[in-house]
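Colleague: File name final-v9.pdb; file contents PDB, C-alpha atoms; full text below.
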ATOM      1  CA  MET A   1      15.794  20.638  28.323  1.00  0.00           C
ATOM      2  CA  CYS A   2      12.399  20.367  29.938  1.00  0.00           C
ATOM      3  CA  ILE A   3      11.480  20.877  33.593  1.00  0.00           C
ATOM      4  CA  ARG A   4       8.154  19.823  35.056  1.00  0.00           C
ATOM      5  CA  ASP A   5       6.301  21.440  37.910  1.00  0.00           C
ATOM      6  CA  SER A   6       4.019  19.335  40.067  1.00  0.00           C
ATOM      7  CA  CYS A   7       0.828  20.815  41.515  1.00  0.00           C
ATOM      8  CA  TYR A   8      -1.594  19.379  44.043  1.00  0.00           C
ATOM      9  CA  SER A   9      -5.027  20.253  45.374  1.00  0.00           C
ATOM     10  CA  ASP A  10      -6.393  19.552  48.852  1.00  0.00           C
ATOM     11  CA  ASP A  11      -9.892  20.959  48.212  1.00  0.00           C
ATOM     12  CA  GLU A  12     -11.275  18.777  45.410  1.00  0.00           C
ATOM     13  CA  GLY A  13      -9.606  20.868  42.708  1.00  0.00           C
ATOM     14  CA  ASP A  14     -10.907  24.310  43.657  1.00  0.00           C
ATOM     15  CA  THR A  15      -7.370  25.595  44.226  1.00  0.00           C
ATOM     16  CA  TRP A  16      -3.950  24.242  43.303  1.00  0.00           C
ATOM     17  CA  HIS A  17      -0.504  24.556  44.882  1.00  0.00           C
ATOM     18  CA  GLY A  18       2.936  23.912  43.449  1.00  0.00           C
ATOM     19  CA  ASN A  19       5.083  21.361  45.236  1.00  0.00           C
ATOM     20  CA  ARG A  20       7.548  22.908  47.671  1.00  0.00           C
ATOM     21  CA  GLU A  21      10.635  21.956  45.634  1.00  0.00           C
ATOM     22  CA  GLY A  22       9.208  23.467  42.462  1.00  0.00           C
ATOM     23  CA  GLU A  23      10.960  21.646  39.633  1.00  0.00           C
ATOM     24  CA  ILE A  24      11.190  17.945  38.780  1.00  0.00           C
ATOM     25  CA  PHE A  25      13.741  16.948  36.147  1.00  0.00           C
ATOM     26  CA  ILE A  26      16.161  14.174  35.178  1.00  0.00           C
ATOM     27  CA  TRP A  27      19.809  15.078  35.540  1.00  0.00           C
ATOM     28  CA  ASP A  28      22.396  13.010  33.663  1.00  0.00           C
ATOM     29  CA  GLU A  29      25.658  13.345  35.597  1.00  0.00           C
ATOM     30  CA  GLU A  30      27.727  11.596  32.923  1.00  0.00           C
ATOM     31  CA  ALA A  31      26.460  13.734  30.031  1.00  0.00           C
ATOM     32  CA  MET A  32      26.046  16.803  32.260  1.00  0.00           C
ATOM     33  CA  ASN A  33      22.596  17.698  30.929  1.00  0.00           C
ATOM     34  CA  TRP A  34      18.922  17.620  31.770  1.00  0.00           C
ATOM     35  CA  ASN A  35      16.547  15.219  30.045  1.00  0.00           C
ATOM     36  CA  ARG A  36      12.979  15.870  29.039  1.00  0.00           C
ATOM     37  CA  THR A  37      10.022  14.322  30.882  1.00  0.00           C
ATOM     38  CA  ALA A  38       6.362  14.666  30.035  1.00  0.00           C
ATOM     39  CA  GLU A  39       2.808  13.439  30.626  1.00  0.00           C
ATOM     40  CA  PRO A  40       3.124  11.959  34.128  1.00  0.00           C
ATOM     41  CA  THR A  41       0.700   9.585  35.827  1.00  0.00           C
ATOM     42  CA  VAL A  42       0.242   9.332  39.599  1.00  0.00           C
ATOM     43  CA  VAL A  43      -1.283   6.736  41.928  1.00  0.00           C
ATOM     44  CA  GLU A  44      -1.637   6.609  45.713  1.00  0.00           C
ATOM     45  CA  VAL A  45       0.135   3.448  46.888  1.00  0.00           C
ATOM     46  CA  ALA A  46      -0.561   4.022  50.601  1.00  0.00           C
ATOM     47  CA  PRO A  47      -2.159   6.852  52.605  1.00  0.00           C
ATOM     48  CA  GLY A  48      -0.143   9.990  51.815  1.00  0.00           C
ATOM     49  CA  HIS A  49       2.339   8.078  49.630  1.00  0.00           C
ATOM     50  CA  LEU A  50       2.239   8.735  45.877  1.00  0.00           C
ATOM     51  CA  LEU A  51       4.057   7.116  42.957  1.00  0.00           C
ATOM     52  CA  MET A  52       4.587   9.074  39.729  1.00  0.00           C
ATOM     53  CA  PHE A  53       5.669   7.604  36.382  1.00  0.00           C
ATOM     54  CA  MET A  54       7.014   9.903  33.644  1.00  0.00           C
ATOM     55  CA  ARG A  55       7.477   9.598  29.904  1.00  0.00           C
ATOM     56  CA  THR A  56      11.086  10.001  28.707  1.00  0.00           C
ATOM     57  CA  GLU A  57      13.280   9.514  25.612  1.00  0.00           C
ATOM     58  CA  LEU A  58      15.738   7.317  27.563  1.00  0.00           C
ATOM     59  CA  GLY A  59      14.176   3.915  26.831  1.00  0.00           C
ATOM     60  CA  ARG A  60      12.580   3.624  30.293  1.00  0.00           C
ATOM     61  CA  LEU A  61       9.717   4.926  32.338  1.00  0.00           C
ATOM     62  CA  TYR A  62      11.073   7.089  35.164  1.00  0.00           C
ATOM     63  CA  GLN A  63       9.556   7.283  38.641  1.00  0.00           C
ATOM     64  CA  SER A  64       9.369   9.701  41.543  1.00  0.00           C
ATOM     65  CA  TRP A  65       7.892   9.251  45.025  1.00  0.00           C
ATOM     66  CA  SER A  66       6.097  11.542  47.441  1.00  0.00           C
ATOM     67  CA  SER A  67       5.428  10.725  51.096  1.00  0.00           C
ATOM     68  CA  ASP A  68       3.455  13.908  51.857  1.00  0.00           C
ATOM     69  CA  ASN A  69       0.548  13.866  49.388  1.00  0.00           C
ATOM     70  CA  GLY A  70       2.550  15.541  46.618  1.00  0.00           C
ATOM     71  CA  GLU A  71       4.068  18.473  48.493  1.00  0.00           C
ATOM     72  CA  THR A  72       7.592  17.135  47.835  1.00  0.00           C
ATOM     73  CA  TRP A  73       8.986  14.544  45.421  1.00  0.00           C
ATOM     74  CA  THR A  74      12.136  12.467  45.138  1.00  0.00           C
ATOM     75  CA  ALA A  75      14.511  12.998  42.208  1.00  0.00           C
ATOM     76  CA  PRO A  76      13.291  10.904  39.239  1.00  0.00           C
ATOM     77  CA  LYS A  77      14.981   7.513  38.878  1.00  0.00           C
ATOM     78  CA  PRO A  78      14.681   4.909  36.106  1.00  0.00           C
ATOM     79  CA  THR A  79      12.324   1.989  36.518  1.00  0.00           C
ATOM     80  CA  LEU A  80      13.077  -1.450  35.100  1.00  0.00           C
ATOM     81  CA  LEU A  81      10.252  -1.000  32.587  1.00  0.00           C
ATOM     82  CA  ALA A  82      11.446  -0.657  28.988  1.00  0.00           C
ATOM     83  CA  ALA A  83       9.356   1.992  27.281  1.00  0.00           C
ATOM     84  CA  SER A  84       8.958   4.113  24.196  1.00  0.00           C
ATOM     85  CA  ASN A  85       8.639   7.874  24.523  1.00  0.00           C
ATOM     86  CA  SER A  86       4.907   7.733  25.289  1.00  0.00           C
ATOM     87  CA  PRO A  87       2.759   8.069  28.413  1.00  0.00           C
ATOM     88  CA  ALA A  88       1.743   5.306  30.798  1.00  0.00           C
ATOM     89  CA  GLN A  89      -1.148   5.038  33.219  1.00  0.00           C
ATOM     90  CA  LEU A  90      -0.970   3.871  36.830  1.00  0.00           C
ATOM     91  CA  LYS A  91      -4.076   2.660  38.639  1.00  0.00           C
ATOM     92  CA  CYS A  92      -4.957   0.914  41.874  1.00  0.00           C
ATOM     93  CA  ILE A  93      -6.842  -2.362  41.334  1.00  0.00           C
ATOM     94  CA  PRO A  94      -9.907  -1.931  43.588  1.00  0.00           C
ATOM     95  CA  SER A  95     -10.492  -5.628  44.314  1.00  0.00           C
ATOM     96  CA  THR A  96      -6.892  -6.385  45.368  1.00  0.00           C
ATOM     97  CA  GLY A  97      -5.305  -3.063  46.351  1.00  0.00           C
ATOM     98  CA  ASP A  98      -2.374  -3.813  44.022  1.00  0.00           C
ATOM     99  CA  ILE A  99      -1.027  -1.375  41.404  1.00  0.00           C
ATOM    100  CA  VAL A 100      -1.257  -1.874  37.636  1.00  0.00           C
ATOM    101  CA  VAL A 101       0.677   0.014  34.989  1.00  0.00           C
ATOM    102  CA  VAL A 102      -0.356   0.070  31.318  1.00  0.00           C
ATOM    103  CA  TRP A 103       2.242   1.412  28.893  1.00  0.00           C
ATOM    104  CA  SER A 104       3.882   1.116  25.479  1.00  0.00           C
ATOM    105  CA  GLN A 105       6.560  -1.415  26.321  1.00  0.00           C
ATOM    106  CA  ALA A 106       9.389  -1.291  23.781  1.00  0.00           C
ATOM    107  CA  SER A 107      12.947  -2.426  23.298  1.00  0.00           C
ATOM    108  CA  GLU A 108      15.676  -0.174  21.960  1.00  0.00           C
ATOM    109  CA  GLU A 109      15.458  -2.072  18.652  1.00  0.00           C
ATOM    110  CA  ASP A 110      11.686  -1.514  18.484  1.00  0.00           C
ATOM    111  CA  ILE A 111      12.182   2.229  18.907  1.00  0.00           C
ATOM    112  CA  GLU A 112      14.999   2.380  16.354  1.00  0.00           C
ATOM    113  CA  ARG A 113      12.839   0.503  13.827  1.00  0.00           C
ATOM    114  CA  GLY A 114      10.012   2.968  14.376  1.00  0.00           C
ATOM    115  CA  VAL A 115       7.517   0.533  15.962  1.00  0.00           C
ATOM    116  CA  GLY A 116       8.031   1.572  19.581  1.00  0.00           C
ATOM    117  CA  ARG A 117       4.300   2.007  20.163  1.00  0.00           C
ATOM    118  CA  SER A 118       3.128  -1.324  18.774  1.00  0.00           C
ATOM    119  CA  ARG A 119       3.087  -3.246  22.075  1.00  0.00           C
ATOM    120  CA  LEU A 120       0.646  -2.097  24.767  1.00  0.00           C
ATOM    121  CA  SER A 121       1.481  -3.988  27.941  1.00  0.00           C
ATOM    122  CA  ALA A 122       0.368  -4.311  31.548  1.00  0.00           C
ATOM    123  CA  ALA A 123       2.232  -5.289  34.705  1.00  0.00           C
ATOM    124  CA  VAL A 124       1.146  -5.596  38.330  1.00  0.00           C
ATOM    125  CA  SER A 125       2.946  -4.599  41.515  1.00  0.00           C
ATOM    126  CA  ARG A 126       1.976  -6.271  44.788  1.00  0.00           C
ATOM    127  CA  SER A 127       4.710  -4.333  46.605  1.00  0.00           C
ATOM    128  CA  GLN A 128       3.462  -0.751  46.207  1.00  0.00           C
ATOM    129  CA  GLY A 129       5.467  -0.146  43.039  1.00  0.00           C
ATOM    130  CA  ALA A 130       8.793  -1.635  44.144  1.00  0.00           C
ATOM    131  CA  VAL A 131       8.581  -4.865  42.083  1.00  0.00           C
ATOM    132  CA  TRP A 132       6.620  -5.457  38.873  1.00  0.00           C
ATOM    133  CA  GLU A 133       5.390  -8.864  37.692  1.00  0.00           C
ATOM    134  CA  PHE A 134       2.708 -10.683  35.652  1.00  0.00           C
ATOM    135  CA  PHE A 135       3.670  -8.994  32.372  1.00  0.00           C
ATOM    136  CA  GLN A 136       0.937  -9.244  29.737  1.00  0.00           C
ATOM    137  CA  ASN A 137       0.232  -7.681  26.346  1.00  0.00           C
ATOM    138  CA  ILE A 138      -3.152  -6.004  26.096  1.00  0.00           C
ATOM    139  CA  ASP A 139      -2.798  -5.252  22.380  1.00  0.00           C
ATOM    140  CA  SER A 140       0.343  -5.985  20.386  1.00  0.00           C
ATOM    141  CA  ALA A 141       1.687  -6.426  16.872  1.00  0.00           C
ATOM    142  CA  LEU A 142       5.060  -7.513  18.304  1.00  0.00           C
ATOM    143  CA  GLU A 143       6.309 -10.571  20.152  1.00  0.00           C
ATOM    144  CA  GLY A 144       7.425 -10.583  23.769  1.00  0.00           C
ATOM    145  CA  THR A 145       5.492  -9.837  26.945  1.00  0.00           C
ATOM    146  CA  ARG A 146       8.516  -8.935  29.100  1.00  0.00           C
ATOM    147  CA  ILE A 147      11.151  -6.736  27.449  1.00  0.00           C
ATOM    148  CA  GLU A 148      14.532  -6.393  29.147  1.00  0.00           C
ATOM    149  CA  PRO A 149      15.368  -2.704  29.600  1.00  0.00           C
ATOM    150  CA  GLY A 150      18.386  -1.448  27.691  1.00  0.00           C
ATOM    151  CA  PRO A 151      21.014   1.183  28.540  1.00  0.00           C
ATOM    152  CA  LEU A 152      19.836   4.563  29.747  1.00  0.00           C
ATOM    153  CA  ARG A 153      20.297   6.701  26.653  1.00  0.00           C
ATOM    154  CA  ARG A 154      18.228   8.732  24.263  1.00  0.00           C
ATOM    155  CA  VAL A 155      16.685   6.468  21.640  1.00  0.00           C
ATOM    156  CA  ARG A 156      14.911   7.626  18.488  1.00  0.00           C
ATOM    157  CA  PRO A 157      13.838   5.958  15.242  1.00  0.00           C
ATOM    158  CA  ARG A 158      16.838   5.226  13.053  1.00  0.00           C
ATOM    159  CA  GLY A 159      17.419   7.909  10.430  1.00  0.00           C
ATOM    160  CA  LEU A 160      14.919  10.340  11.919  1.00  0.00           C
ATOM    161  CA  VAL A 161      15.678  13.903  10.830  1.00  0.00           C
ATOM    162  CA  PHE A 162      13.931  17.240  11.221  1.00  0.00           C
ATOM    163  CA  GLU A 163      13.983  19.242   8.022  1.00  0.00           C
ATOM    164  CA  ARG A 164      13.722  23.011   7.985  1.00  0.00           C
ATOM    165  CA  HIS A 165      10.246  24.334   7.165  1.00  0.00           C
ATOM    166  CA  CYS A 166       8.774  20.841   7.735  1.00  0.00           C
ATOM    167  CA  SER A 167       6.340  20.410  10.621  1.00  0.00           C
ATOM    168  CA  GLN A 168       6.861  16.633  10.830  1.00  0.00           C
ATOM    169  CA  PRO A 169      10.081  14.605  11.163  1.00  0.00           C
ATOM    170  CA  VAL A 170      10.979  12.409   8.199  1.00  0.00           C
ATOM    171  CA  ARG A 171      12.996   9.233   7.669  1.00  0.00           C
ATOM    172  CA  PRO A 172      15.032   8.608   4.516  1.00  0.00           C
ATOM    173  CA  THR A 173      14.024   5.622   2.393  1.00  0.00           C
ATOM    174  CA  GLU A 174      17.047   3.575   3.479  1.00  0.00           C
ATOM    175  CA  ALA A 175      15.932   3.843   7.123  1.00  0.00           C
ATOM    176  CA  THR A 176      12.370   2.579   6.562  1.00  0.00           C
ATOM    177  CA  ILE A 177      11.258  -0.989   7.299  1.00  0.00           C
ATOM    178  CA  ASP A 178       8.579  -3.465   6.305  1.00  0.00           C
ATOM    179  CA  LEU A 179       5.860  -3.043   8.898  1.00  0.00           C
ATOM    180  CA  PRO A 180       4.457  -6.044  10.799  1.00  0.00           C
ATOM    181  CA  ASP A 181       1.309  -7.480   9.192  1.00  0.00           C
ATOM    182  CA  ASP A 182      -0.727  -6.409  12.214  1.00  0.00           C
ATOM    183  CA  TYR A 183       0.997  -3.024  12.616  1.00  0.00           C
ATOM    184  CA  ARG A 184      -0.773  -0.375  14.681  1.00  0.00           C
ATOM    185  CA  LEU A 185       0.134   2.401  17.088  1.00  0.00           C
ATOM    186  CA  THR A 186      -1.200   1.483  20.522  1.00  0.00           C
ATOM    187  CA  SER A 187      -0.519   4.173  23.096  1.00  0.00           C
ATOM    188  CA  TYR A 188      -2.128   6.805  25.358  1.00  0.00           C
ATOM    189  CA  PRO A 189      -3.992   4.280  27.525  1.00  0.00           C
ATOM    190  CA  SER A 190      -6.933   5.238  29.738  1.00  0.00           C
ATOM    191  CA  VAL A 191      -7.666   2.641  32.412  1.00  0.00           C
ATOM    192  CA  PHE A 192     -10.911   2.121  34.331  1.00  0.00           C
ATOM    193  CA  PHE A 193     -12.298  -0.623  36.533  1.00  0.00           C
ATOM    194  CA  HIS A 194     -15.863  -1.869  36.643  1.00  0.00           C
ATOM    195  CA  GLY A 195     -16.647  -4.799  38.884  1.00  0.00           C
ATOM    196  CA  ASP A 196     -14.156  -7.564  38.210  1.00  0.00           C
ATOM    197  CA  HIS A 197     -13.058  -6.182  34.826  1.00  0.00           C
ATOM    198  CA  MET A 198     -10.488  -3.673  33.626  1.00  0.00           C
ATOM    199  CA  LEU A 199     -11.346  -1.435  30.666  1.00  0.00           C
ATOM    200  CA  VAL A 200      -8.518   0.042  28.594  1.00  0.00           C
ATOM    201  CA  GLY A 201      -9.095   2.671  25.938  1.00  0.00           C
ATOM    202  CA  HIS A 202      -6.138   3.515  23.676  1.00  0.00           C
ATOM    203  CA  THR A 203      -5.094   4.807  20.296  1.00  0.00           C
ATOM    204  CA  ASN A 204      -5.281   2.281  17.474  1.00  0.00           C
ATOM    205  CA  ALA A 205      -3.779   4.028  14.444  1.00  0.00           C
ATOM    206  CA  HIS A 206      -3.145   1.687  11.514  1.00  0.00           C
ATOM    207  CA  PHE A 207      -3.240   1.371   7.736  1.00  0.00           C
ATOM    208  CA  ALA A 208      -6.429   0.041   6.157  1.00  0.00           C
ATOM    209  CA  GLU A 209      -6.282  -2.472   3.319  1.00  0.00           C
ATOM    210  CA  ASP A 210      -6.534   0.340   0.768  1.00  0.00           C
ATOM    211  CA  GLY A 211      -3.560   2.142   2.334  1.00  0.00           C
ATOM    212  CA  THR A 212      -5.598   4.769   4.175  1.00  0.00           C
ATOM    213  CA  TYR A 213      -4.099   5.736   7.519  1.00  0.00           C
ATOM    214  CA  MET A 214      -6.823   5.262  10.140  1.00  0.00           C
ATOM    215  CA  LYS A 215      -6.604   7.178  13.422  1.00  0.00           C
ATOM    216  CA  GLU A 216      -9.064   5.220  15.498  1.00  0.00           C
ATOM    217  CA  GLY A 217      -9.456   4.460  19.170  1.00  0.00           C
ATOM    218  CA  ARG A 218     -10.058   1.052  20.666  1.00  0.00           C
ATOM    219  CA  MET A 219     -11.519  -0.320  23.896  1.00  0.00           C
ATOM    220  CA  ILE A 220     -10.366  -3.630  25.342  1.00  0.00           C
ATOM    221  CA  VAL A 221     -11.998  -5.278  28.368  1.00  0.00           C
ATOM    222  CA  VAL A 222     -10.232  -7.996  30.371  1.00  0.00           C
ATOM    223  CA  PRO A 223     -11.006  -9.746  33.678  1.00  0.00           C
ATOM    224  CA  VAL A 224      -8.923  -8.541  36.605  1.00  0.00           C
ATOM    225  CA  SER A 225      -7.746 -12.136  37.063  1.00  0.00           C
ATOM    226  CA  TRP A 226      -6.192 -11.977  33.565  1.00  0.00           C
ATOM    227  CA  LEU A 227      -3.731  -9.366  34.841  1.00  0.00           C
ATOM    228  CA  TYR A 228      -2.324 -11.980  37.224  1.00  0.00           C
ATOM    229  CA  GLY A 229      -2.331 -14.867  34.783  1.00  0.00           C
ATOM    230  CA  GLY A 230      -5.282 -16.574  36.459  1.00  0.00           C
ATOM    231  CA  GLN A 231      -7.460 -16.512  39.558  1.00  0.00           C
ATOM    232  CA  GLU A 232      -5.159 -18.800  41.541  1.00  0.00           C
ATOM    233  CA  ARG A 233      -2.237 -16.356  41.210  1.00  0.00           C
ATOM    234  CA  MET A 234      -4.195 -13.537  42.838  1.00  0.00           C
ATOM    235  CA  GLN A 235      -4.004 -15.108  46.297  1.00  0.00           C
ATOM    236  CA  ARG A 236      -1.878 -13.391  48.920  1.00  0.00           C
ATOM    237  CA  ASN A 237       0.959 -15.378  50.464  1.00  0.00           C
ATOM    238  CA  SER A 238       3.795 -14.952  52.944  1.00  0.00           C
ATOM    239  CA  TYR A 239       6.345 -14.326  50.184  1.00  0.00           C
ATOM    240  CA  VAL A 240       4.404 -11.337  48.865  1.00  0.00           C
ATOM    241  CA  ASP A 241       3.839 -10.020  52.383  1.00  0.00           C
ATOM    242  CA  ASN A 242       7.592 -10.200  53.043  1.00  0.00           C
ATOM    243  CA  ILE A 243       8.257  -8.195  49.864  1.00  0.00           C
ATOM    244  CA  ASN A 244       5.882  -5.507  51.093  1.00  0.00           C
ATOM    245  CA  LYS A 245       7.804  -5.329  54.362  1.00  0.00           C
ATOM    246  CA  ARG A 246      11.146  -5.030  52.529  1.00  0.00           C
ATOM    247  CA  PHE A 247       9.892  -2.401  50.089  1.00  0.00           C
ATOM    248  CA  PRO A 248       7.671   0.113  51.864  1.00  0.00           C
ATOM    249  CA  PRO A 249       6.786   3.345  50.029  1.00  0.00           C
ATOM    250  CA  ILE A 250       9.971   5.342  49.522  1.00  0.00           C
ATOM    251  CA  SER A 251       9.910   8.498  51.599  1.00  0.00           C
ATOM    252  CA  THR A 252      11.406  11.836  50.637  1.00  0.00           C
TER     253      THR A 252
END
Turn the structure described in the file into structure tokens.
Modeller:
Amino acid sequence: MCIRDSCYSDDEGDTWHGNREGEIFIWDEEAMNWNRTAEPTVVEVAPGHLLMFMRTELGRLYQSWSSDNGETWTAPKPTLLAASNSPAQLKCIPSTGDIVVVWSQASEEDIERGVGRSRLSAAVSRSQGAVWEFFQNIDSALEGTRIEPGPLRRVRPRGLVFERHCSQPVRPTEATIDLPDDYRLTSYPSVFFHGDHMLVGHTNAHFAEDGTYMKEGRMIVVPVSWLYGGQERMQRNSYVDNINKRFPPIST
């Protein structure tokens, strides 16, 4: 069980206040238990309206909304974004006003095989976080740019066990796999924008040719137009505007 408090500041960080409802958690009515969330990311999708994504062990990113600058939040609900148990980052794209999410996109099979952080993906929302599109892989050792989300259930690497007096979990030999040739752990993204480019820093842990495990970081720079699949797809149109009208920021 893990419960998260949300705090906000209205004076440039000099003082902080807890949200009025206090605790934010995921409640599973079928299993009758709470589920852990961690390492949230927040973006302002409209004046006073905030969108929060949270890391979970349920095979999805979860989301919560605030319509009062973070004083109150909706109960977390699952997104349609398949994810490993690792943090995402939400950002507003300055040149378009759209929202981008960068995260470790993973299928249930990826997580069970132990390569759930080997696909760092990006998606764009032109509807203030209601609909996500233009799925791309920023850095990946796995195939697939759009992974269908699986059932909402706790997913861990197959055979993972925690032994007494051992600080790290272990997997028995029969549960190990042959790693992809380009295997690496790509997670913990940091996203910045400069001009018409997006900069993404992330972990890039991998095995060197001599078998040494390298814990390096990596920076990747892409044009903003790449996020949309090309300059021509960045243009606004009546269809997108109608989506925005159908899916305004969700109020609490």
Colleague: Determine the residue membership of the PyMOL selection byres ((chain A and resi 115) around 9) for the file above and supply it as a list of chain:residue names.
Modeller: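 Evaluating the PyMOL selection byres ((chain A and resi 115) around 9) on these coordinates yields A:Ala106, A:Glu109, A:Asp110, A:Ile111, A:Glu112, A:Arg113, A:Gly114, A:Gly116, A:Arg117, A:Ser118, A:Arg119, A:Leu142, A:Pro157, A:Leu179, A:Pro180, A:Tyr183, A:Arg184, A:Leu185.
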Colleague: Restricting the output to C-alpha atoms, write the selected residues as an mmCIF file, keeping the file's coordinate frame.
Modeller:
data_model
loop_
_atom_site.group_PDB
_atom_site.id
_atom_site.type_symbol
_atom_site.label_atom_id
_atom_site.label_comp_id
_atom_site.auth_asym_id
_atom_site.auth_seq_id
_atom_site.Cartn_x
_atom_site.Cartn_y
_atom_site.Cartn_z
ATOM 1 C CA ALA A 106 9.389 -1.291 23.781
ATOM 2 C CA GLU A 109 15.458 -2.072 18.652
ATOM 3 C CA ASP A 110 11.686 -1.514 18.484
ATOM 4 C CA ILE A 111 12.182 2.229 18.907
ATOM 5 C CA GLU A 112 14.999 2.380 16.354
ATOM 6 C CA ARG A 113 12.839 0.503 13.827
ATOM 7 C CA GLY A 114 10.012 2.968 14.376
ATOM 8 C CA GLY A 116 8.031 1.572 19.581
ATOM 9 C CA ARG A 117 4.300 2.007 20.163
ATOM 10 C CA SER A 118 3.128 -1.324 18.774
ATOM 11 C CA ARG A 119 3.087 -3.246 22.075
ATOM 12 C CA LEU A 142 5.060 -7.513 18.304
ATOM 13 C CA PRO A 157 13.838 5.958 15.242
ATOM 14 C CA LEU A 179 5.860 -3.043 8.898
ATOM 15 C CA PRO A 180 4.457 -6.044 10.799
ATOM 16 C CA TYR A 183 0.997 -3.024 12.616
ATOM 17 C CA ARG A 184 -0.773 -0.375 14.681
ATOM 18 C CA LEU A 185 0.134 2.401 17.088
#
Colleague: Go ahead and compute the interatomic distance for atom CA of A:Glu57 and atom CA of A:Ile99, in Å to one decimal.
Modeller: 23.9 Å
Colleague: Using all atoms listed in the file, which protein or nucleic acid residues come within 10 Å of A:Tyr62? Drop anything in the same chain fewer than 6 positions from it, and give the result as a list in words.
Modeller: Ile26, Thr37, Pro40, Met52, Phe53, Met54, Arg55, Thr56, Ala75, Pro76, Lys77, Pro78, Thr79, Leu80, Leu81, Ala82 and Ala83 of chain A
Colleague: Would you export the selected residues with C-alpha atoms as a PDB file, in the coordinates of the input, please?
Modeller:
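Result written to part.pdb:
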ATOM      1  CA  ILE A  26      16.161  14.174  35.178  1.00  0.00           C
ATOM      2  CA  THR A  37      10.022  14.322  30.882  1.00  0.00           C
ATOM      3  CA  PRO A  40       3.124  11.959  34.128  1.00  0.00           C
ATOM      4  CA  MET A  52       4.587   9.074  39.729  1.00  0.00           C
ATOM      5  CA  PHE A  53       5.669   7.604  36.382  1.00  0.00           C
ATOM      6  CA  MET A  54       7.014   9.903  33.644  1.00  0.00           C
ATOM      7  CA  ARG A  55       7.477   9.598  29.904  1.00  0.00           C
ATOM      8  CA  THR A  56      11.086  10.001  28.707  1.00  0.00           C
ATOM      9  CA  ALA A  75      14.511  12.998  42.208  1.00  0.00           C
ATOM     10  CA  PRO A  76      13.291  10.904  39.239  1.00  0.00           C
ATOM     11  CA  LYS A  77      14.981   7.513  38.878  1.00  0.00           C
ATOM     12  CA  PRO A  78      14.681   4.909  36.106  1.00  0.00           C
ATOM     13  CA  THR A  79      12.324   1.989  36.518  1.00  0.00           C
ATOM     14  CA  LEU A  80      13.077  -1.450  35.100  1.00  0.00           C
ATOM     15  CA  LEU A  81      10.252  -1.000  32.587  1.00  0.00           C
ATOM     16  CA  ALA A  82      11.446  -0.657  28.988  1.00  0.00           C
ATOM     17  CA  ALA A  83       9.356   1.992  27.281  1.00  0.00           C
TER      18      ALA A  83
END
Colleague: Using all atoms listed in the file - which residues lie no farther than 10 Å from the point (20.0, -0.5, 26.0) in the file's frame? Write them as a ChimeraX atom specification.
Modeller: /A:58-60,82,107-109,148-155
Colleague: Just the selected residues (C-alpha atoms), exported as a PDB file, in the frame of the given file, please.
Modeller:
ATOM      1  CA  LEU A  58      15.738   7.317  27.563  1.00  0.00           C
ATOM      2  CA  GLY A  59      14.176   3.915  26.831  1.00  0.00           C
ATOM      3  CA  ARG A  60      12.580   3.624  30.293  1.00  0.00           C
ATOM      4  CA  ALA A  82      11.446  -0.657  28.988  1.00  0.00           C
ATOM      5  CA  SER A 107      12.947  -2.426  23.298  1.00  0.00           C
ATOM      6  CA  GLU A 108      15.676  -0.174  21.960  1.00  0.00           C
ATOM      7  CA  GLU A 109      15.458  -2.072  18.652  1.00  0.00           C
ATOM      8  CA  GLU A 148      14.532  -6.393  29.147  1.00  0.00           C
ATOM      9  CA  PRO A 149      15.368  -2.704  29.600  1.00  0.00           C
ATOM     10  CA  GLY A 150      18.386  -1.448  27.691  1.00  0.00           C
ATOM     11  CA  PRO A 151      21.014   1.183  28.540  1.00  0.00           C
ATOM     12  CA  LEU A 152      19.836   4.563  29.747  1.00  0.00           C
ATOM     13  CA  ARG A 153      20.297   6.701  26.653  1.00  0.00           C
ATOM     14  CA  ARG A 154      18.228   8.732  24.263  1.00  0.00           C
ATOM     15  CA  VAL A 155      16.685   6.468  21.640  1.00  0.00           C
TER      16      VAL A 155
END
Colleague: Report, in Å to a single decimal, how far apart atom CA of A:Arg158 and atom CA of A:Arg171 are.
Modeller: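 Distance reported for this atom pair: 7.7 Å.
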Colleague: Can you write out as JSON lines which residues of stretch 110-221 of chain A fall within 12 Å of stretch 228-231 of chain A, alongside each residue's closest atom pair and its distance in Å to one decimal, counting only C-alpha atoms and ordering rows by chain and ascending residue number?
Modeller:
{"residue": "A:Ala122", "atom": "CA", "partner": "A:Tyr228", "partner_atom": "CA", "distance": 9.9}
{"residue": "A:Ala123", "atom": "CA", "partner": "A:Tyr228", "partner_atom": "CA", "distance": 8.5}
{"residue": "A:Val124", "atom": "CA", "partner": "A:Tyr228", "partner_atom": "CA", "distance": 7.3}
{"residue": "A:Ser125", "atom": "CA", "partner": "A:Tyr228", "partner_atom": "CA", "distance": 10.0}
{"residue": "A:Arg126", "atom": "CA", "partner": "A:Tyr228", "partner_atom": "CA", "distance": 10.4}
{"residue": "A:Trp132", "atom": "CA", "partner": "A:Tyr228", "partner_atom": "CA", "distance": 11.2}
{"residue": "A:Glu133", "atom": "CA", "partner": "A:Tyr228", "partner_atom": "CA", "distance": 8.3}
{"residue": "A:Phe134", "atom": "CA", "partner": "A:Tyr228", "partner_atom": "CA", "distance": 5.4}
{"residue": "A:Phe135", "atom": "CA", "partner": "A:Tyr228", "partner_atom": "CA", "distance": 8.3}
{"residue": "A:Gln136", "atom": "CA", "partner": "A:Gly229", "partner_atom": "CA", "distance": 8.2}
{"residue": "A:Asn137", "atom": "CA", "partner": "A:Gly229", "partner_atom": "CA", "distance": 11.4}
{"residue": "A:Asp196", "atom": "CA", "partner": "A:Gln231", "partner_atom": "CA", "distance": 11.3}
Colleague: Atom CA of A:Asp68 and atom CA of A:Gly13 are how many Å apart?
Modeller: 17.4 Å
Colleague: Applying the PyMOL selection byres ((chain A and resi 221) around 10) to the file I just gave you, which residues come out? Please list them as number ranges by chain.
Modeller: A: 138, 191-194, 197-201, 219-220, 222-224
